[in-house]
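A.B. asks: Below is the structure I would like to discuss, written out as structure tokens.
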2 protein chains.
Amino acid sequence: MAHIEVLEGVPGIRSLVMFRPETGKHLYELAQVLLRGESTLSEAERELIATYVSHRNNCMFCRNSHAAAARCLYGDEANLVDEVLADVTTAHISDKLKALLNIAGKVQVLGKEVTQQDIDAAKLLGATDRELHDTVLIAATFSMFNRYVDGLASFTPTDPEAYKEMGKRMTEKGYVLPTPVAS
Amino acid sequence: MAHIEVLEGVPGIRSLVMFRPETGKHLYELAQVLLRGESTLSEAERELIATYVSHRNNCMFCRNSHAAAARCLYGDEANLVDEVLADVTTAHISDKLKALLNIAGKVQVLGKEVTQQDIDAAKLLGATDRELHDTVLIAATFSMFNRYVDGLASFTPTDPEAYKEMGKRMTEKGYVLPTPVAS
């Protein structure tokens with residue numbers, strides 16, 4: 001049971017943005033720009049950063065749904081997601097993405113954890129200012145979403161099939177505010 | 001020096017949203033709805049929650065600027081802000097606000113830290129579902145802002161007068177996206 005009266009059976013953040021669409025609108029629009037907007041980081045890479053931070057914050061709803069979206073987007077290389085969650089250093093991803101995930105992991109702890117060395121290492125591997133900015137903001141944004149979803153104890157499905165469907169929807173439709181239910 | 005090339009001398013989050021207004025727009029609009037929109041929590045109370053979370057996250061820019069805004073809004077009772085930062089339990093604020101700050105402090109750590117007992121205690125003191133929702137989302141939002149500002153090492157002024165001016169602007173004008181500088 002969620003800590004506040006939301007529509008029963010609606011999972012995670014969807015139930016919360018339906019409760020309060022005035023704030024939900026900006027949360028969904030932020031996610032849409034960050035994860036689906038024009039970028040030199042692929043949608044799959046950005047979903048992977050979101051998944052990694054949610055995993056480290058132990059937020060099952062965000063982790064499972066964004067992992068499902070990343071698997072959809074990576075296609076054949078879907079096990080990359082599990083490799084990253086098990087150990088970033090040995091995963092079959094680019095060194096630049098490893099350096100960005102290192103920064104995202106620092107941001108998940110706290111902003112000041114990011115050092116000049118972390119930034120220099122990513123830049124040396126080709127990361128641009130815009131990519132660094134977006135990596136930090138994705139990590140910060142999911143540090144918010146994770147706290148929002150778990151802080152209000154919103155419904156977290158346990159059936160893996162439910163997440164597969166969510167991942168498919170997130171890949172095909174992006175982040176679109178759910179229509180409020182007529183009362 | 002910030003980790004990315006932003007306009008020199010522009011402090012904190014302002015420099016970052018000028019670098020990337022596509023995401024900045026949604027961050028400012030979220031802050032405006034949460035901290036200035038219609039609510040049964042006063043603007044001063046909401047700024048106090050933002051200040052408390054930023055203080056716990058050791059984010060000097062967000063702490064000092066929102067403390068300045070809270071002091072403006074509380075007027076004569078301005079030392080309330082310092083009382084809360086020193087010790088919530090002995091501060092001269094309502095028991096309901098203490099219960100909400102307790103929840104905000106749990107969210108600052110991680111969403112799952114909030115217990116049914118924390119929620120029940122706040123409800124018993126008159127907190128509504130909407131107030132609980134907004135408290136959790138303000139705490140989550142500042143967990144994002146703090147990481148964004150410090151994760152990119154944005155400029156943090158040390159002159160207390162600079163924050164007084166920011167607090168005045170935030171009180172009078174609210175959260176309005178700064179105009180991008182023509183290149």
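Please note that chains go A, B, ... in the order of the structure tokens, that every chain numbers its residues from 1, and that ligands are numbered from 1 in the order shown.
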I'd like the contact shell of segment 36-50 of chain A - 8 Å cut-off, only C-alpha atoms, skipping same-chain residues fewer than 6 positions apart - returned as a list in words.

C.D. replies: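 Skipping anything fewer than 6 positions along the chain leaves Arg63, His66, Ala67, Ala69, Ala70, Arg71, Leu73, Tyr74, Val81, Leu97, Leu101, Ala104, Glu131, Thr135, Ile138, Ala139, Phe142 and Gly174 of chain A.
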
A.B. asks: Using DSSP secondary structure from the backbone, list all alpha helix (DSSP H) positions within chain B, as a VMD selection string.

C.D. replies: chain B and resid 12 to 19 21 to 36 43 to 56 60 to 74 79 to 86 95 to 109 116 to 124 129 to 151 160 to 173

A.B. asks: Name the closest residue to Met144 of chain A among the candidates B:Leu125, B:Asn79, B:Thr90, B:Leu27; distances are taken between atoms, counting only C-alpha atoms.

C.D. replies: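 Looking at the shortest contact to Met144 of chain A, the residue is B:Leu27.
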
A.B. asks: Report as JSON lines: every residue of chain A with an atom at most 9 Å from chain B, its closest pair of atoms, and their distance in Å to one decimal, counting only C-alpha atoms, with rows sorted by chain and ascending residue number.

C.D. replies:
```
{"residue": "A:His3", "atom": "CA", "partner": "B:Ile119", "partner_atom": "CA", "distance": 6.9}
{"residue": "A:Ile4", "atom": "CA", "partner": "B:Asp129", "partner_atom": "CA", "distance": 5.3}
{"residue": "A:Glu5", "atom": "CA", "partner": "B:Asp129", "partner_atom": "CA", "distance": 7.0}
{"residue": "A:Leu16", "atom": "CA", "partner": "B:His133", "partner_atom": "CA", "distance": 8.4}
{"residue": "A:Phe19", "atom": "CA", "partner": "B:Arg130", "partner_atom": "CA", "distance": 8.7}
{"residue": "A:Arg20", "atom": "CA", "partner": "B:Arg130", "partner_atom": "CA", "distance": 8.2}
{"residue": "A:Glu22", "atom": "CA", "partner": "B:Val33", "partner_atom": "CA", "distance": 7.2}
{"residue": "A:Thr23", "atom": "CA", "partner": "B:Leu30", "partner_atom": "CA", "distance": 6.1}
{"residue": "A:Gly24", "atom": "CA", "partner": "B:Leu30", "partner_atom": "CA", "distance": 8.7}
{"residue": "A:Lys25", "atom": "CA", "partner": "B:Leu30", "partner_atom": "CA", "distance": 8.6}
{"residue": "A:His26", "atom": "CA", "partner": "B:His26", "partner_atom": "CA", "distance": 5.4}
{"residue": "A:Leu27", "atom": "CA", "partner": "B:Leu30", "partner_atom": "CA", "distance": 7.4}
{"residue": "A:Glu29", "atom": "CA", "partner": "B:His26", "partner_atom": "CA", "distance": 6.8}
{"residue": "A:Leu30", "atom": "CA", "partner": "B:His26", "partner_atom": "CA", "distance": 5.7}
{"residue": "A:Ala31", "atom": "CA", "partner": "B:Thr23", "partner_atom": "CA", "distance": 9.0}
{"residue": "A:Val33", "atom": "CA", "partner": "B:Thr23", "partner_atom": "CA", "distance": 6.6}
{"residue": "A:Leu34", "atom": "CA", "partner": "B:Thr23", "partner_atom": "CA", "distance": 7.1}
{"residue": "A:Asn57", "atom": "CA", "partner": "B:Leu110", "partner_atom": "CA", "distance": 7.4}
{"residue": "A:Asn58", "atom": "CA", "partner": "B:Lys112", "partner_atom": "CA", "distance": 8.8}
{"residue": "A:Cys59", "atom": "CA", "partner": "B:Gly111", "partner_atom": "CA", "distance": 8.4}
{"residue": "A:Ile103", "atom": "CA", "partner": "B:Gly151", "partner_atom": "CA", "distance": 8.6}
{"residue": "A:Lys106", "atom": "CA", "partner": "B:Gly151", "partner_atom": "CA", "distance": 8.2}
{"residue": "A:Val107", "atom": "CA", "partner": "B:Gly151", "partner_atom": "CA", "distance": 6.0}
{"residue": "A:Gln108", "atom": "CA", "partner": "B:Arg147", "partner_atom": "CA", "distance": 7.8}
{"residue": "A:Val109", "atom": "CA", "partner": "B:Arg147", "partner_atom": "CA", "distance": 8.7}
{"residue": "A:Leu110", "atom": "CA", "partner": "B:Arg147", "partner_atom": "CA", "distance": 5.8}
{"residue": "A:Gly111", "atom": "CA", "partner": "B:Gly151", "partner_atom": "CA", "distance": 3.7}
{"residue": "A:Lys112", "atom": "CA", "partner": "B:Asp150", "partner_atom": "CA", "distance": 5.3}
{"residue": "A:Glu113", "atom": "CA", "partner": "B:Gly151", "partner_atom": "CA", "distance": 7.3}
{"residue": "A:Val114", "atom": "CA", "partner": "B:Gly151", "partner_atom": "CA", "distance": 5.8}
{"residue": "A:Thr115", "atom": "CA", "partner": "B:Gly151", "partner_atom": "CA", "distance": 8.6}
{"residue": "A:Gln116", "atom": "CA", "partner": "B:His3", "partner_atom": "CA", "distance": 7.2}
{"residue": "A:Ile119", "atom": "CA", "partner": "B:His3", "partner_atom": "CA", "distance": 6.9}
{"residue": "A:Thr128", "atom": "CA", "partner": "B:Ile4", "partner_atom": "CA", "distance": 8.8}
{"residue": "A:Asp129", "atom": "CA", "partner": "B:Ile4", "partner_atom": "CA", "distance": 5.3}
{"residue": "A:Arg130", "atom": "CA", "partner": "B:Ile4", "partner_atom": "CA", "distance": 8.1}
{"residue": "A:Leu132", "atom": "CA", "partner": "B:Ile4", "partner_atom": "CA", "distance": 7.6}
{"residue": "A:His133", "atom": "CA", "partner": "B:Leu152", "partner_atom": "CA", "distance": 7.2}
{"residue": "A:Val136", "atom": "CA", "partner": "B:Tyr148", "partner_atom": "CA", "distance": 6.3}
{"residue": "A:Leu137", "atom": "CA", "partner": "B:Tyr148", "partner_atom": "CA", "distance": 5.8}
{"residue": "A:Ala139", "atom": "CA", "partner": "B:Met144", "partner_atom": "CA", "distance": 8.3}
{"residue": "A:Ala140", "atom": "CA", "partner": "B:Met144", "partner_atom": "CA", "distance": 4.5}
{"residue": "A:Thr141", "atom": "CA", "partner": "B:Met144", "partner_atom": "CA", "distance": 5.5}
{"residue": "A:Phe142", "atom": "CA", "partner": "B:Met144", "partner_atom": "CA", "distance": 7.8}
{"residue": "A:Ser143", "atom": "CA", "partner": "B:Met144", "partner_atom": "CA", "distance": 6.0}
{"residue": "A:Met144", "atom": "CA", "partner": "B:Ala140", "partner_atom": "CA", "distance": 4.5}
{"residue": "A:Phe145", "atom": "CA", "partner": "B:Ala140", "partner_atom": "CA", "distance": 7.2}
{"residue": "A:Asn146", "atom": "CA", "partner": "B:Gly111", "partner_atom": "CA", "distance": 6.8}
{"residue": "A:Arg147", "atom": "CA", "partner": "B:Gly111", "partner_atom": "CA", "distance": 4.1}
{"residue": "A:Tyr148", "atom": "CA", "partner": "B:Leu137", "partner_atom": "CA", "distance": 5.8}
{"residue": "A:Val149", "atom": "CA", "partner": "B:Gly111", "partner_atom": "CA", "distance": 7.2}
{"residue": "A:Asp150", "atom": "CA", "partner": "B:Gly111", "partner_atom": "CA", "distance": 4.5}
{"residue": "A:Gly151", "atom": "CA", "partner": "B:Gly111", "partner_atom": "CA", "distance": 3.8}
{"residue": "A:Leu152", "atom": "CA", "partner": "B:Val136", "partner_atom": "CA", "distance": 7.2}
{"residue": "A:Ala153", "atom": "CA", "partner": "B:Lys112", "partner_atom": "CA", "distance": 7.5}
```

A.B. asks: Go through A:His55, A:Glu172, A:Ser15, A:Lys123 and flag the residue nearest Ala86 of chain A, using only C-alpha atoms for the distances.

C.D. replies: A:His55
